[in-house]
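Q: Below you will find the structure I want to go over with you.
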Amino acid sequence: MSQLTIDTQKIATSRISTIDFENLTFGEQFSDHQLEIIYSDGVWQDPRILPYGPIPMYPAVSTLHYGQAVFEGMKAFRYGDDKVNIFRMDKHFDRFRRSCKRVCIPVIPDEYFREGLMTLIDLERKWVPKAKYKSLYIRPIVFAADQTLGLRACMNYRFYIMCSPVGNYYAEGINPIRLTTMPQFVRAVKGGVGDVKVPGNYAASLYPTTKAQQQGFTQVLWLDAKEHKYVEEVGSMNIFFVIGDSLVTPPLNGSILPGVTRSSVLELANAEGMNVDERQVTIDELISLHEKGELKEIFGSGTAAVISPVGMIKHGERTISVSSEEMGPVARKFYDQITRIQHGEIPDRYSWCTVL
Ligand code: COI
C-alpha cells in the first residue's frame with residue numbers, strides 16, 4: 001500500500017484484550033503503536049512506527065513554555081466487515097498545514113503525513129471498533145522541541161500520531177446538551193489563532209468552561225470578542241441553527257475554527273437544495289426567533305462531537321429552550337447521513353473516505 005518504507009517496531013504483546021469496547025469513553029485508552037517523525041537539521045526525517053509509549057523530553061523544551069504546537073482530530077471507522085475508512089484525511093491535512101504555517105512550524109511533507117497515517121491505521125486496524133457510532137480517534141500532534149527559554153520559532157520539532165478507540169464525546173451521548181454564554185470571557189479574536197487548531201485556544205477555554213459546568217452546563221457558547229453579541233462556536237464544535245426552513249451557521253470570520261464536520265454538513269445541505277445561510281447571528285436575534293417560534297433546532301458539529309443536539313442556551317437571565325428530549329429531525333438527518341457514509345452504508349459521493 002505504502003510507497004514509503006516505514007521503519008516499524010512492533011509491540012511484543014498487544015494490549016487490545018484489556019479494552020472494553022462496549023463501554024468506550026473519549027480519549028482515555030490508546031492503541032499499541034504511534035507514528036513519530038522528527039524535524040532536525042532543517043528537514044523532516046524518515047517516519048517510524050513505535051510502540052505507544054512515553055517520549056523523552058527536558059523541562060526546558062520550548063513547547064511547554066510557549067505552546068508552539070498544532071494538533072488535529074480525525075477518525076477511522078469500520079467500513080463494511082473487513083475494511084476501515086479514514087474520514088476526510090486530506091481536509092484534515094489541509095487544516096493541519098494551515099495551522100502549522102500560522103505558528104511557524106515547518107509543514108510535514110504530504111506523503112509522510114498520508115502514508116505514515118495509512119500505514120499506522122493499517123497496523124492498528126483491529127483497534128477500529130466494530131460497533132456503529134464508535135470509531136478510532138486519530139490525534140496528530142506536532143510541537144517545538146528545542147531546549148530554550150528564549151521566545152523564538154524553534155529549529156527542532158516532533159510529530160506524533162496516536163490512536164484512541166472512542167465512544168461518544170459528551171456524557172449526554174447523543175442527547176441534547178446545555179450551553180451558556182459567558183460574555184465576560186472570549187475564546188478568540190480576529191487576527192489571533194482562533195481559526196487554527198493550536199492548544200492555547202483550548203487551554204484558554206478551560207476556566208470559563210469549568211465555571212459553566214459548575215453551573216450545570218455542558219459547554220460555553222462563545223460570542224465574538226469585540227461586541228460580545230455575535231454567536232461564534234462552542235470550542236469543541238461549530239454551531240448550527242434551524243430557523244424556519246433555513247440552516248444557519250456563523251460564517252468563517254477569522255476567529256472560528258473551520259470544522260471539517262461543519263463543511264460536511266454544509267456540503268450535504270447544499271446538495272439537497274436546503275436553504276443554507278452562512279451569516280452572522282446575534283444571541284438577541286436567536287432569543288427573539290425562539291420567542292416567535294421560528295427557531296426550530298440547534299446542533300453542533302465536530303469530529304469528536306459528530307452531530308450533537310443542543311437543548312438549551314442560557315444568556316444572562318434569558319433561556320432558549322428547544323428539543324430537550326432528543327435530537328431534532330434536521331440534526332438527525334445529518335447525523336444519519338454522515339455516519340452512514342463513514343461506515344460505508346451509503347455511497348461516498350463526495351470522495352470523503354480513504355478505505356484501507
Ligand atoms: C475534535 O473534535 O477532534 C477536537 O479536536 C475537539 C476536542 C475538544 C476533542
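We label chains A, B, ... in the order they appear in the C-alpha cells, count residues from 1 in each chain, and number ligands from 1 in the order shown.
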Please list as a list in words every residue within 9 Å of Pro251 of chain A, counting only C-alpha atoms and excluding residues in the same chain fewer than 6 positions away.
A: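 Contacts, in chain order: Glu232, Asp277, Glu278, Arg279 and Gln280 of chain A.
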Q: Hey, can you spit out that residue selection with N, CA, C and O atoms as a PDB file, in the first residue's frame?
A:
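Full text of part_11.pdb as output:
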ATOM      1  N   GLU A 232     -20.408  32.613  17.874  1.00  0.00           N
ATOM      2  CA  GLU A 232     -19.265  32.119  17.096  1.00  0.00           C
ATOM      3  C   GLU A 232     -19.229  30.589  17.044  1.00  0.00           C
ATOM      4  O   GLU A 232     -19.512  30.006  16.027  1.00  0.00           O
ATOM      5  N   ASP A 277     -27.661  29.382   4.981  1.00  0.00           N
ATOM      6  CA  ASP A 277     -27.331  30.784   5.211  1.00  0.00           C
ATOM      7  C   ASP A 277     -26.120  30.854   6.146  1.00  0.00           C
ATOM      8  O   ASP A 277     -26.260  30.631   7.349  1.00  0.00           O
ATOM      9  N   GLU A 278     -24.951  31.152   5.588  1.00  0.00           N
ATOM     10  CA  GLU A 278     -23.783  31.379   6.446  1.00  0.00           C
ATOM     11  C   GLU A 278     -23.787  32.864   6.741  1.00  0.00           C
ATOM     12  O   GLU A 278     -23.394  33.672   5.898  1.00  0.00           O
ATOM     13  N   ARG A 279     -24.266  33.211   7.909  1.00  0.00           N
ATOM     14  CA  ARG A 279     -24.395  34.635   8.217  1.00  0.00           C
ATOM     15  C   ARG A 279     -24.189  34.870   9.711  1.00  0.00           C
ATOM     16  O   ARG A 279     -24.314  33.966  10.518  1.00  0.00           O
ATOM     17  N   GLN A 280     -23.892  36.124  10.017  1.00  0.00           N
ATOM     18  CA  GLN A 280     -23.754  36.486  11.421  1.00  0.00           C
ATOM     19  C   GLN A 280     -25.112  36.414  12.105  1.00  0.00           C
ATOM     20  O   GLN A 280     -26.129  36.809  11.522  1.00  0.00           O
TER      21      GLN A 280
END
Q: Taking only C-alpha atoms and all ligand atoms into account, which residues are within 10 Å of ligand 1, as a PyMOL selection string?
A: chain A and resi 26-27+71-75+92+137-140+169-170+197-199+202+234-238+259-261+301-306
Q: For the residues selected in the previous step, produce a file with N, CA, C and O atoms as a compact mmCIF listing (two decimals), in the first residue's frame.
A:
# COMPACT_ATOMS: atom_id res chain seq x y z
N PHE A 26 -14.13 8.75 25.93
CA PHE A 26 -13.44 9.50 24.88
C PHE A 26 -11.98 9.76 25.26
O PHE A 26 -11.69 10.43 26.26
N GLY A 27 -11.06 9.20 24.46
CA GLY A 27 -9.65 9.60 24.53
C GLY A 27 -8.89 9.20 25.78
O GLY A 27 -7.96 9.90 26.17
N PHE A 71 -2.38 20.61 16.65
CA PHE A 71 -2.89 19.24 16.63
C PHE A 71 -4.06 19.12 15.66
O PHE A 71 -4.54 20.12 15.12
N GLU A 72 -4.47 17.90 15.42
CA GLU A 72 -5.64 17.62 14.59
C GLU A 72 -6.49 16.57 15.29
O GLU A 72 -6.02 15.93 16.25
N GLY A 73 -7.69 16.38 14.82
CA GLY A 73 -8.55 15.31 15.35
C GLY A 73 -9.26 14.70 14.16
O GLY A 73 -9.97 15.39 13.43
N MET A 74 -9.02 13.41 13.93
CA MET A 74 -9.64 12.73 12.79
C MET A 74 -10.19 11.40 13.29
O MET A 74 -9.92 11.03 14.42
N LYS A 75 -10.90 10.67 12.42
CA LYS A 75 -11.43 9.37 12.87
C LYS A 75 -11.32 8.32 11.78
O LYS A 75 -11.46 8.62 10.59
N HIS A 92 -8.41 17.28 6.68
CA HIS A 92 -7.72 17.47 7.96
C HIS A 92 -6.26 17.88 7.73
O HIS A 92 -5.73 18.73 8.45
N TYR A 137 -10.33 7.25 17.17
CA TYR A 137 -9.99 8.67 17.07
C TYR A 137 -8.49 8.77 16.80
O TYR A 137 -7.68 8.07 17.43
N ILE A 138 -8.12 9.64 15.86
CA ILE A 138 -6.72 9.77 15.44
C ILE A 138 -6.25 11.16 15.84
O ILE A 138 -6.86 12.16 15.46
N ARG A 139 -5.19 11.24 16.59
CA ARG A 139 -4.73 12.53 17.09
C ARG A 139 -3.28 12.79 16.62
O ARG A 139 -2.34 12.31 17.22
N PRO A 140 -3.13 13.55 15.52
CA PRO A 140 -1.79 14.03 15.16
C PRO A 140 -1.43 15.25 16.02
O PRO A 140 -2.28 16.08 16.30
N TYR A 169 -18.48 11.68 22.65
CA TYR A 169 -17.64 12.70 23.28
C TYR A 169 -18.30 13.24 24.54
O TYR A 169 -17.67 13.37 25.59
N TYR A 170 -19.57 13.57 24.45
CA TYR A 170 -20.25 14.15 25.61
C TYR A 170 -20.86 13.05 26.47
O TYR A 170 -21.33 12.03 25.95
N LYS A 197 -5.83 25.16 14.69
CA LYS A 197 -6.01 24.19 15.78
C LYS A 197 -4.75 24.15 16.64
O LYS A 197 -3.89 23.28 16.48
N VAL A 198 -4.66 25.12 17.52
CA VAL A 198 -3.49 25.20 18.42
C VAL A 198 -3.96 25.01 19.86
O VAL A 198 -5.06 25.44 20.23
N PRO A 199 -3.12 24.36 20.68
CA PRO A 199 -3.56 24.00 22.04
C PRO A 199 -4.01 25.18 22.89
O PRO A 199 -4.92 25.05 23.71
N TYR A 202 -7.63 25.95 23.44
CA TYR A 202 -8.37 25.01 24.30
C TYR A 202 -8.03 25.29 25.77
O TYR A 202 -8.89 25.23 26.64
N VAL A 234 -18.59 26.67 19.74
CA VAL A 234 -18.65 26.11 21.09
C VAL A 234 -17.25 25.71 21.60
O VAL A 234 -17.09 25.36 22.76
N GLY A 235 -16.25 25.77 20.75
CA GLY A 235 -14.91 25.39 21.21
C GLY A 235 -14.63 23.94 20.90
O GLY A 235 -13.63 23.61 20.28
N SER A 236 -15.54 23.05 21.31
CA SER A 236 -15.40 21.63 20.95
C SER A 236 -16.21 21.32 19.69
O SER A 236 -16.17 20.19 19.20
N MET A 237 -16.93 22.31 19.17
CA MET A 237 -17.70 22.07 17.94
C MET A 237 -18.21 23.40 17.35
O MET A 237 -18.28 24.41 18.04
N ASN A 238 -18.56 23.38 16.07
CA ASN A 238 -19.22 24.52 15.43
C ASN A 238 -20.72 24.44 15.74
O ASN A 238 -21.20 23.43 16.22
N GLY A 259 -14.39 23.90 10.86
CA GLY A 259 -14.60 22.49 11.20
C GLY A 259 -14.76 21.63 9.95
O GLY A 259 -15.43 22.04 8.99
N VAL A 260 -14.20 20.44 10.00
CA VAL A 260 -14.33 19.51 8.87
C VAL A 260 -15.76 18.97 8.83
O VAL A 260 -16.37 18.86 7.75
N THR A 261 -16.34 18.69 10.00
CA THR A 261 -17.73 18.21 10.02
C THR A 261 -18.67 19.35 9.62
O THR A 261 -19.67 19.14 8.93
N SER A 301 -21.48 20.59 15.44
CA SER A 301 -20.80 19.59 14.60
C SER A 301 -19.31 19.61 14.91
O SER A 301 -18.73 20.68 15.13
N GLY A 302 -18.72 18.43 14.94
CA GLY A 302 -17.27 18.35 15.18
C GLY A 302 -16.82 16.92 14.98
O GLY A 302 -17.66 16.00 14.97
N THR A 303 -15.53 16.71 14.85
CA THR A 303 -15.06 15.34 14.67
C THR A 303 -15.38 14.51 15.90
O THR A 303 -15.96 13.43 15.80
N ALA A 304 -15.01 15.02 17.07
CA ALA A 304 -15.31 14.27 18.30
C ALA A 304 -16.81 14.28 18.58
O ALA A 304 -17.40 13.26 18.92
N ALA A 305 -17.43 15.45 18.41
CA ALA A 305 -18.85 15.61 18.77
C ALA A 305 -19.80 15.03 17.73
O ALA A 305 -20.99 14.83 18.03
N VAL A 306 -19.34 14.75 16.52
CA VAL A 306 -20.14 14.32 15.36
C VAL A 306 -21.24 15.38 15.14
O VAL A 306 -20.94 16.52 14.82
Q: Identify all residues of segment 4-165 of chain A in strand (DSSP E) (DSSP on the backbone) and supply them as a PyMOL selection string.
A: chain A and resi 7-8+33-40+43-44+48-51+69-71+74-79+83-87+135-144+157-165
Q: Any idea what the distance is between atom CA of Pro208 of chain A and atom CA of Ala188 of chain A?
A: 13.1 Å
Q: Give the answer as one residue: which of A:Pro183, A:Pro59, A:Pro258, A:Gly200 has the shortest atom-to-atom distance to Arg98 of chain A, using only C-alpha atoms?
A: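 Smallest distance to Arg98 of chain A is found for A:Pro258.
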Q: Nearest residue to Arg48 of chain A out of A:Tyr112, A:Trp222, A:Phe217, A:Tyr207, using only C-alpha atoms?
A: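 Smallest distance to Arg48 of chain A is found for A:Tyr112.
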Q: In terms of the shortest atom-to-atom distance over only C-alpha atoms, which of A:Pro106, A:Val196, A:Val128, A:Met89 is closest to Gly42 of chain A?
A: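 Checking each candidate against Gly42 of chain A, we get A:Pro106 as the closest.
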Q: Have a look at A:Glu326, A:Thr25, A:Ala144, A:Leu221 and name the one nearest to Tyr58 of chain A; count only C-alpha atoms.
A: A:Ala144
Q: Can you check which parts of segment 61-95 of chain A lie within 9 Å of segment 327-349 of chain A? Per residue, the shortest pair of atoms and distance in Å to one decimal, counting only C-alpha atoms, sorted by chain and number, as CSV.
A:
residue,atom,partner,partner_atom,distance
A:Ala76,CA,A:Gln342,CA,8.3
A:Phe77,CA,A:His343,CA,6.0
A:Arg78,CA,A:His343,CA,5.7
A:Tyr79,CA,A:His343,CA,4.6
A:Gly80,CA,A:Gly344,CA,6.2
A:Val84,CA,A:His343,CA,8.3
A:Asn85,CA,A:Gln342,CA,6.9
A:Ile86,CA,A:Gln342,CA,8.3
A:Phe87,CA,A:Gln342,CA,6.5
Q: Name all residues at most 10 Å from Gly254 of chain A (count only C-alpha atoms; drop same-chain ones fewer than 5 positions away) and give them as a ChimeraX atom specification.
A: /A:188-196
Q: Keeping only C-alpha atoms, write the selected residues as a CSV table (one decimal), in the first residue's frame.
A:
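File result02.csv, as written:
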chain,number,residue,atom,x,y,z
A,188,ALA,CA,-10.6,34.1,20.2
A,189,VAL,CA,-10.2,37.4,18.3
A,190,LYS,CA,-9.9,38.1,14.6
A,191,GLY,CA,-6.2,38.2,13.7
A,192,GLY,CA,-5.4,35.8,16.5
A,193,VAL,CA,-5.3,32.0,16.3
A,194,GLY,CA,-9.0,31.0,16.8
A,195,ASP,CA,-9.2,29.8,13.2
A,196,VAL,CA,-6.3,27.3,13.6
Q: For Thr148 of chain A, which residue out of A:Thr63, A:Gln29, A:Thr210, A:Thr119 is the nearest one, using only C-alpha atoms?
A: A:Thr63
Q: Applying 9 Å and only C-alpha atoms, which residues near Tyr52 of chain A remain after dropping the ones on its own chain fewer than 4 positions away? List them as a list of chain:residue names.
A: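 So the residues in contact are A:Ile11, A:Phe30, A:Ser31, A:Asp32, A:His33, A:Gln34, A:Leu35, A:Met162.
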Q: Extract, using only C-alpha atoms, all DNA, RNA and protein residues at most 10 Å from Ala269 of chain A, discarding same-chain residues fewer than 4 positions from it, and format them as a list of chain:residue names.
A: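 Residues meeting the cut-off are A:Ser246, A:Leu247, A:Ser263, A:Ser264, A:Val265, A:Gly273, A:Met274, A:Asn275, A:Val276, A:Val330, A:Lys333, A:Phe334.
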Q: So how far away is atom CA of Thr181 of chain A from atom CA of Ser288 of chain A, in Å?
A: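 Answer for the atom CA of Ser288 of chain A to atom CA of Thr181 of chain A separation: 16.0 Å.
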Q: Taking into account only C-alpha atoms, which residue in the set A:Leu120, A:Leu179, A:Leu136, A:Ala153 is nearest to Pro165 of chain A?
A: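 Among the listed residues, A:Leu136 lies closest to Pro165 of chain A.
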